[in-house]
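K.L.:
See query_19.txt below, with compact mmCIF, C-alpha atoms.
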# COMPACT_ATOMS: atom_id res chain seq x y z
CA MET A 1 0.00 0.00 0.00
CA THR A 2 1.31 3.45 -0.87
CA LEU A 3 0.78 6.56 1.22
CA GLN A 4 -1.60 7.80 -1.49
CA ASP A 5 -3.58 4.54 -1.25
CA LEU A 6 -3.89 5.05 2.50
CA ALA A 7 -4.91 8.69 2.07
CA ASP A 8 -7.57 7.67 -0.46
CA LEU A 9 -8.87 4.96 1.87
CA ILE A 10 -9.16 7.43 4.75
CA VAL A 11 -11.13 9.87 2.57
CA ALA A 12 -13.37 7.03 1.37
CA ARG A 13 -14.15 6.02 4.95
CA LYS A 14 -14.83 9.57 6.10
CA ASP A 15 -18.60 9.16 5.75
CA ALA A 16 -18.76 5.50 6.83
CA ASP A 17 -20.62 4.35 9.91
CA PRO A 18 -18.49 5.21 12.95
CA ASP A 19 -19.56 1.92 14.54
CA SER A 20 -17.98 -0.04 11.71
CA SER A 21 -14.88 2.05 10.89
CA TRP A 22 -12.14 3.29 13.21
CA THR A 23 -11.32 5.98 10.67
CA ALA A 24 -14.92 7.22 10.55
CA LYS A 25 -15.08 7.10 14.34
CA LEU A 26 -11.95 9.26 14.68
CA LEU A 27 -13.12 11.73 12.05
CA SER A 28 -16.57 11.98 13.64
CA LYS A 29 -14.93 13.24 16.84
CA GLY A 30 -13.57 16.28 15.02
CA PRO A 31 -10.19 17.69 14.06
CA GLU A 32 -9.12 18.37 17.63
CA LYS A 33 -9.48 14.70 18.64
CA CYS A 34 -7.69 13.63 15.46
CA ALA A 35 -4.82 16.00 16.32
CA GLU A 36 -4.70 14.67 19.88
CA LYS A 37 -4.51 11.08 18.63
CA PHE A 38 -1.74 12.02 16.18
CA GLY A 39 0.21 13.58 19.05
CA GLU A 40 -0.16 10.45 21.16
CA GLU A 41 1.14 8.28 18.33
CA ALA A 42 4.05 10.65 17.65
CA ILE A 43 5.09 10.47 21.31
CA GLU A 44 4.94 6.67 21.20
CA ALA A 45 7.19 6.70 18.12
CA ILE A 46 9.65 9.01 19.87
CA ILE A 47 9.79 6.68 22.86
CA GLU A 48 10.56 3.68 20.65
CA ALA A 49 13.21 5.65 18.74
CA VAL A 50 14.93 6.53 22.00
CA LYS A 51 14.69 2.96 23.28
CA GLY A 52 16.18 1.66 20.03
CA ASP A 53 13.55 -1.00 19.34
CA ASN A 54 13.36 -0.85 15.55
CA ASP A 55 10.45 -3.29 15.25
CA LYS A 56 8.31 -1.25 17.65
CA LEU A 57 9.49 1.98 16.03
CA THR A 58 8.39 0.65 12.64
CA SER A 59 4.95 -0.18 14.03
CA GLU A 60 4.61 3.20 15.72
CA ALA A 61 5.80 5.00 12.57
CA ALA A 62 3.00 3.31 10.62
CA ASP A 63 0.54 4.54 13.27
CA VAL A 64 1.99 8.07 12.99
CA LEU A 65 1.58 8.14 9.21
CA TYR A 66 -2.00 6.85 9.45
CA HIS A 67 -2.98 9.34 12.15
CA LEU A 68 -1.25 12.20 10.31
CA LEU A 69 -3.38 11.47 7.26
CA VAL A 70 -6.52 11.27 9.41
CA MET A 71 -5.67 14.63 10.99
CA LEU A 72 -5.06 16.20 7.58
CA THR A 73 -8.35 14.80 6.28
CA ALA A 74 -10.18 16.18 9.31
CA ARG A 75 -8.95 19.65 8.33
CA GLY A 76 -9.51 19.19 4.59
CA VAL A 77 -5.79 19.12 3.74
CA THR A 78 -4.91 16.61 1.06
CA LEU A 79 -1.79 14.51 0.75
CA ASP A 80 -1.35 16.13 -2.68
CA ALA A 81 -1.17 19.55 -1.00
CA VAL A 82 1.52 18.29 1.38
CA MET A 83 3.44 16.70 -1.49
CA ASP A 84 3.19 19.95 -3.47
CA GLU A 85 4.68 21.80 -0.51
CA LEU A 86 7.53 19.29 -0.32
CA ALA A 87 8.13 19.71 -4.06
CA ARG A 88 8.20 23.49 -3.62
CA ARG A 89 10.91 23.10 -0.99
CA GLN A 90 12.99 20.65 -3.03
CA GLY A 91 16.42 21.97 -3.81
CA THR A 92 16.28 24.49 -0.98
CA SER A 93 18.51 24.05 2.03
CA GLY A 94 16.53 23.12 5.11
CA ILE A 95 18.29 25.89 7.00
CA VAL A 96 17.34 28.45 4.34
CA GLU A 97 13.76 27.18 4.12
CA LYS A 98 13.28 27.33 7.91
CA ALA A 99 14.74 30.85 8.04
CA SER A 100 12.20 31.97 5.44
CA ARG A 101 9.37 30.95 7.81
CA ASP A 102 10.76 32.80 10.84
Now, as a test, write the supplied structure out as structure tokens.

P.N.:
Amino acid sequence: MTLQDLADLIVARKDADPDSSWTAKLLSKGPEKCAEKFGEEAIEAIIEAVKGDNDKLTSEAADVLYHLLVMLTARGVTLDAVMDELARRQGTSGIVEKASRD
């Protein structure tokens, strides 16, 4: 499954019955809850990265990507928009790009 496949699946499940779809259930709770869940998963990934357990980190990273896409969907931001932003930044030093936002 590609990241785009996952993003498409999340959008497709947006209007599903929350009793039958975890994605629909998360989205039905609103963007704030989706952001909270993303934060929880990110912290879990950080913990596994610090502990050095690559198998658990891999699992948590998958959760982070899923919940990031759910959070974006909750706010109406598409994966394409994020990819376009990454493409816009391509070839620009990260230091230069960050300075342009400050």

K.L.:
Smallest atom-to-atom distance to Asp5 (chain A): which of A:Ser93, A:Leu86, A:Pro18, A:Leu79, using only C-alpha atoms?

P.N.:
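Using only C-alpha atoms, Asp5 (chain A) sits closest to A:Leu79.
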
K.L.:
Could you give me, as a count of residues only, the residues within 12 Å of Gly76 (chain A), counting only C-alpha atoms and dropping anything in the same chain fewer than 6 positions from it?

P.N.:
10

K.L.:
Rounded to one decimal in Å, what is the spacing between CA of Leu6 (chain A) and CA of Glu36 (chain A)?

P.N.:
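Between CA of Leu6 (chain A) and CA of Glu36 (chain A) the gap is 19.9 Å.
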
K.L.:
How far is it from CA of Ala74 (chain A) to CA of Ala24 (chain A), in Å with one decimal?

P.N.:
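So the answer is 10.2 Å.
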
K.L.:
Interatomic distance between CA of Ala16 (chain A) and CA of Ala81 (chain A)?

P.N.:
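Calculated distance between CA of Ala16 (chain A) and CA of Ala81 (chain A) is 23.8 Å.
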
K.L.:
Scan for residues within 8 Å of the point (-4.1, 11.5, 14.5) in the coordinates of the file, using all atoms listed in the file, and reply as JSON, numbers by chain.

P.N.:
{"A": [33, 34, 35, 36, 37, 38, 39, 40, 41, 64, 66, 67, 68, 69, 70, 71]}

K.L.:
Which is closer to Ser59 (chain A) than all the others in A:Ala42, A:Leu72, A:Val77, A:Ala87, using all atoms listed in the file?

P.N.:
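Under the stated criterion, the closest residue is A:Ala42.
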
K.L.:
Excluding same-chain residues fewer than 6 positions from Leu57 (chain A), what lies within 10 Å of it counting all atoms listed in the file, as a list in words?

P.N.:
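What passes the distance filter is Glu44, Ala45, Ile46, Ile47, Glu48, Ala49, Val50, Lys51 and Asp63 of chain A.
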
K.L.:
Write the selection just made, keeping C-alpha atoms, as a JSON list (two decimals), in the frame of the given file?

P.N.:
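Wrote selection19.json, looks like this:
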[["chain", "number", "residue", "atom", "x", "y", "z"],
["A", 44, "GLU", "CA", 4.94, 6.67, 21.20],
["A", 45, "ALA", "CA", 7.19, 6.70, 18.12],
["A", 46, "ILE", "CA", 9.65, 9.01, 19.87],
["A", 47, "ILE", "CA", 9.79, 6.68, 22.86],
["A", 48, "GLU", "CA", 10.56, 3.68, 20.65],
["A", 49, "ALA", "CA", 13.21, 5.65, 18.74],
["A", 50, "VAL", "CA", 14.93, 6.53, 22.00],
["A", 51, "LYS", "CA", 14.69, 2.96, 23.28],
["A", 63, "ASP", "CA", 0.54, 4.54, 13.27]]

K.L.:
Using only C-alpha atoms, pick whichever of A:Asp15, A:Glu60, A:Glu32, A:Asp55 has the shortest atom-to-atom distance to Arg75 (chain A).

P.N.:
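Of A:Asp15, A:Glu60, A:Glu32, A:Asp55, the one nearest Arg75 (chain A), counting only C-alpha atoms, is A:Glu32.
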
K.L.:
When you count all atoms listed in the file, which of these residues is closest to Ala12 (chain A): A:Asp80, A:Thr73, A:Gly91, A:Glu85?

P.N.:
A:Thr73
